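Read through the structure below, which is laid out as structure tokens, and then see the notes.
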Amino acid sequence: MLYNVPLKLLGCSNDGSNRVLGTLFVINLLITIGFTSFNTFLPLFLKEVNFSGTIIGIIVSTYSISKLFSSVFMGVLVDKINKKKLMLILLSMFTVLSFLCFRIDNFYTVIAVRIFQGIFFALFRPLIFSILCENISIEQSAKMISSLDLSFYIATCAGPLLGGFIREIFGYYGLLSFLVLLTGISFVFFIITTGNMKRIDEVKERTSPDESGLNIFTPKLCGLCIFIMGKGCMLSLLLTIAPIMLPHYDISISGIGFIISLLSISMILFIKPAVRLSGFIGIYPIISVGSLVVSALFFIIPSVNVVGIAIVFALIGIFSAMSQPASSAILAYEGRKVGFGFASGIFNFFMNLGFVAGPLFGTYLMESIDIKYVFYFAGGIGVFSWIAFIIVSRTCNDFSGCAELSCDVRR
């Protein structure tokens, strides 16, 4: 079957839970490549059809705002509705949305497209996370979720490259046809392979919050959300400020693109070894090491040359990947208490909040103070979010779960 290809690439056996991973890996890869290529070249197309800079900014930001404010609701929705039907509806809506993109020369149409794109992606991530977690054991969570995340990182690297190649040869409408093709294939692929998900139709009682409501926002989940908000703020600030800073080093546009791409490439290469490493070190120590090293690297950026910056970007990717499997394990563990959809939705809300805040803080500080202090600020955010994560997480009364998670990652 088609899902065997990603399984071989991931080095996974062809059993039930791994086939679910293969199906979700392909769907996540196709959808993310399609819309990443669309997002990359949307501002250029809008400029070509004579939208003003302010209007372009509004259109581009509409997606992030829509995704941010619908994340929690969409996560709760995942826990309440049949997941197979919900995925079929969502993938069909992605296909319809891709057809609507052909009319984005109209302001009202493109605003509607961006709003629905944000809502659909706010639902997409919790849905695939919930489907995967309900088909695996807690012992597999770090490895499986990190393997699924690889499809996202690969797509974010491949999307702009494929999109640029297609746009150069076939034009912007050729790029939109590519988007329609990928969304359509993902819909058909899910229908063909959905038989692998034996438990997809069940809404588990264990994934619903307690009636008392006391487990709606557990200390571990709260600490994790603070941590991911800080991490998102740091990385989005870096990706916003770096293209502005790097031209001062007299390097070409392609050189700037290469340096920035080192962040994603190093994460892709290191995320699988990070799963094994987390088994030896443990959940909280590996998150601490990754967070503190990344924060320290931000303080180094203003004082190194262009080669040093390239090395720092690669190291940031490596040590950011180090905390990824451990974070996934905590999220899956807490999802069994409060609902996988809710846990993923609230997690994505805080992550998106960080992604929105990072560029705002970065550009404001860059205009107010020396650019080096912007990176110092980002490093400080990293240290603060790590401290808050450790303090808040350790207020958990049932702290034995931390030891259980450490063992789970080893297996």
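Residue numbers start at 1 in each chain; chains themselves are named A, B, ... in the order of the structure tokens; ligands are numbered from 1 in the order shown.
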Alpha helix (DSSP H) residues, from DSSP on the backbone, in segment 89-241 of chain A, as a ChimeraX atom specification:
/A:89-100,107-134,141-193,219-241
Counting only C-alpha atoms, what is within 10 Å of Leu97 of chain A, bar same-chain residues fewer than 6 positions away, as number ranges by chain?
A: 91, 112-114, 116-117, 120, 179-180, 183
File of the preceding selection, N, CA and C atoms, as a PDB file, in the first residue's frame:
```
ATOM      1  N   LEU A  91     -10.985  17.469   4.827  1.00  0.00           N
ATOM      2  CA  LEU A  91     -10.211  17.328   3.594  1.00  0.00           C
ATOM      3  C   LEU A  91     -11.017  17.763   2.377  1.00  0.00           C
ATOM      4  N   ALA A 112     -12.042  35.941   2.897  1.00  0.00           N
ATOM      5  CA  ALA A 112     -12.804  34.751   3.282  1.00  0.00           C
ATOM      6  C   ALA A 112     -11.922  33.506   3.212  1.00  0.00           C
ATOM      7  N   VAL A 113     -11.100  33.415   2.164  1.00  0.00           N
ATOM      8  CA  VAL A 113     -10.188  32.274   2.018  1.00  0.00           C
ATOM      9  C   VAL A 113      -9.228  32.203   3.197  1.00  0.00           C
ATOM     10  N   ARG A 114      -8.667  33.332   3.591  1.00  0.00           N
ATOM     11  CA  ARG A 114      -7.696  33.338   4.690  1.00  0.00           C
ATOM     12  C   ARG A 114      -8.354  33.020   6.028  1.00  0.00           C
ATOM     13  N   PHE A 116     -11.101  31.120   6.505  1.00  0.00           N
ATOM     14  CA  PHE A 116     -11.403  29.686   6.531  1.00  0.00           C
ATOM     15  C   PHE A 116     -10.133  28.835   6.546  1.00  0.00           C
ATOM     16  N   GLN A 117      -9.071  29.313   5.908  1.00  0.00           N
ATOM     17  CA  GLN A 117      -7.802  28.587   5.965  1.00  0.00           C
ATOM     18  C   GLN A 117      -7.307  28.503   7.407  1.00  0.00           C
ATOM     19  N   PHE A 120      -9.625  26.028   9.325  1.00  0.00           N
ATOM     20  CA  PHE A 120      -9.395  24.631   8.933  1.00  0.00           C
ATOM     21  C   PHE A 120      -8.083  24.091   9.498  1.00  0.00           C
ATOM     22  N   LEU A 179      -2.071  23.096  -5.915  1.00  0.00           N
ATOM     23  CA  LEU A 179      -2.746  23.052  -4.614  1.00  0.00           C
ATOM     24  C   LEU A 179      -4.019  22.204  -4.698  1.00  0.00           C
ATOM     25  N   VAL A 180      -4.812  22.404  -5.744  1.00  0.00           N
ATOM     26  CA  VAL A 180      -6.026  21.608  -5.935  1.00  0.00           C
ATOM     27  C   VAL A 180      -5.684  20.120  -6.047  1.00  0.00           C
ATOM     28  N   THR A 183      -4.636  18.674  -2.502  1.00  0.00           N
ATOM     29  CA  THR A 183      -5.769  18.530  -1.579  1.00  0.00           C
ATOM     30  C   THR A 183      -6.699  17.405  -2.041  1.00  0.00           C
TER      31      THR A 183
END
```
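If you measure from each of A:Leu237, A:Ala242, A:Leu21, A:Ala310 to Ser266 of chain A using only C-alpha atoms, the closest one turns out to be A:Ala310.
Take atom CA of Ala122 of chain A and atom CA of Ser37 of chain A: the distance between them is 18.4 Å.
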Go through segment 306-360 of chain A and flag each residue having an atom no more than 12 Å from segment 60-81 of chain A; for those, report the closest pair of atoms plus their distance in Å to one decimal, using only C-alpha atoms, ordered by chain and rising number, as JSON lines.
```
{"residue": "A:Gly335", "atom": "CA", "partner": "A:Asp79", "partner_atom": "CA", "distance": 10.4}
{"residue": "A:Arg336", "atom": "CA", "partner": "A:Asp79", "partner_atom": "CA", "distance": 11.2}
{"residue": "A:Lys337", "atom": "CA", "partner": "A:Asp79", "partner_atom": "CA", "distance": 12.0}
{"residue": "A:Val338", "atom": "CA", "partner": "A:Asp79", "partner_atom": "CA", "distance": 9.5}
{"residue": "A:Gly339", "atom": "CA", "partner": "A:Asp79", "partner_atom": "CA", "distance": 6.2}
{"residue": "A:Phe340", "atom": "CA", "partner": "A:Asp79", "partner_atom": "CA", "distance": 7.0}
{"residue": "A:Gly341", "atom": "CA", "partner": "A:Gly75", "partner_atom": "CA", "distance": 4.2}
{"residue": "A:Phe342", "atom": "CA", "partner": "A:Gly75", "partner_atom": "CA", "distance": 4.4}
{"residue": "A:Ala343", "atom": "CA", "partner": "A:Gly75", "partner_atom": "CA", "distance": 7.2}
{"residue": "A:Ser344", "atom": "CA", "partner": "A:Gly75", "partner_atom": "CA", "distance": 6.3}
{"residue": "A:Gly345", "atom": "CA", "partner": "A:Gly75", "partner_atom": "CA", "distance": 4.1}
{"residue": "A:Ile346", "atom": "CA", "partner": "A:Val72", "partner_atom": "CA", "distance": 5.1}
{"residue": "A:Phe347", "atom": "CA", "partner": "A:Val72", "partner_atom": "CA", "distance": 8.4}
{"residue": "A:Asn348", "atom": "CA", "partner": "A:Ser71", "partner_atom": "CA", "distance": 6.4}
{"residue": "A:Phe349", "atom": "CA", "partner": "A:Ser71", "partner_atom": "CA", "distance": 5.3}
{"residue": "A:Phe350", "atom": "CA", "partner": "A:Leu68", "partner_atom": "CA", "distance": 8.2}
{"residue": "A:Met351", "atom": "CA", "partner": "A:Leu68", "partner_atom": "CA", "distance": 8.8}
{"residue": "A:Asn352", "atom": "CA", "partner": "A:Leu68", "partner_atom": "CA", "distance": 5.7}
{"residue": "A:Leu353", "atom": "CA", "partner": "A:Leu68", "partner_atom": "CA", "distance": 6.6}
{"residue": "A:Gly354", "atom": "CA", "partner": "A:Leu68", "partner_atom": "CA", "distance": 10.0}
{"residue": "A:Phe355", "atom": "CA", "partner": "A:Ser64", "partner_atom": "CA", "distance": 8.6}
{"residue": "A:Val356", "atom": "CA", "partner": "A:Ser64", "partner_atom": "CA", "distance": 7.3}
{"residue": "A:Ala357", "atom": "CA", "partner": "A:Ser64", "partner_atom": "CA", "distance": 11.0}
{"residue": "A:Pro359", "atom": "CA", "partner": "A:Ser61", "partner_atom": "CA", "distance": 11.4}
{"residue": "A:Leu360", "atom": "CA", "partner": "A:Ser61", "partner_atom": "CA", "distance": 11.7}
```
Just give me the gap between atom CA of Phe377 of chain A and atom CA of Ile287 of chain A in Å, one decimal is fine.
20.3 Å
Near segment 157-171 of chain A, within 12 Å and counting only C-alpha atoms, which residues show up once chain neighbours fewer than 3 positions away are dropped, as a PyMOL selection string?
chain A and resi 29-42+44-45+150-154+174-179+182+257-258+260-268
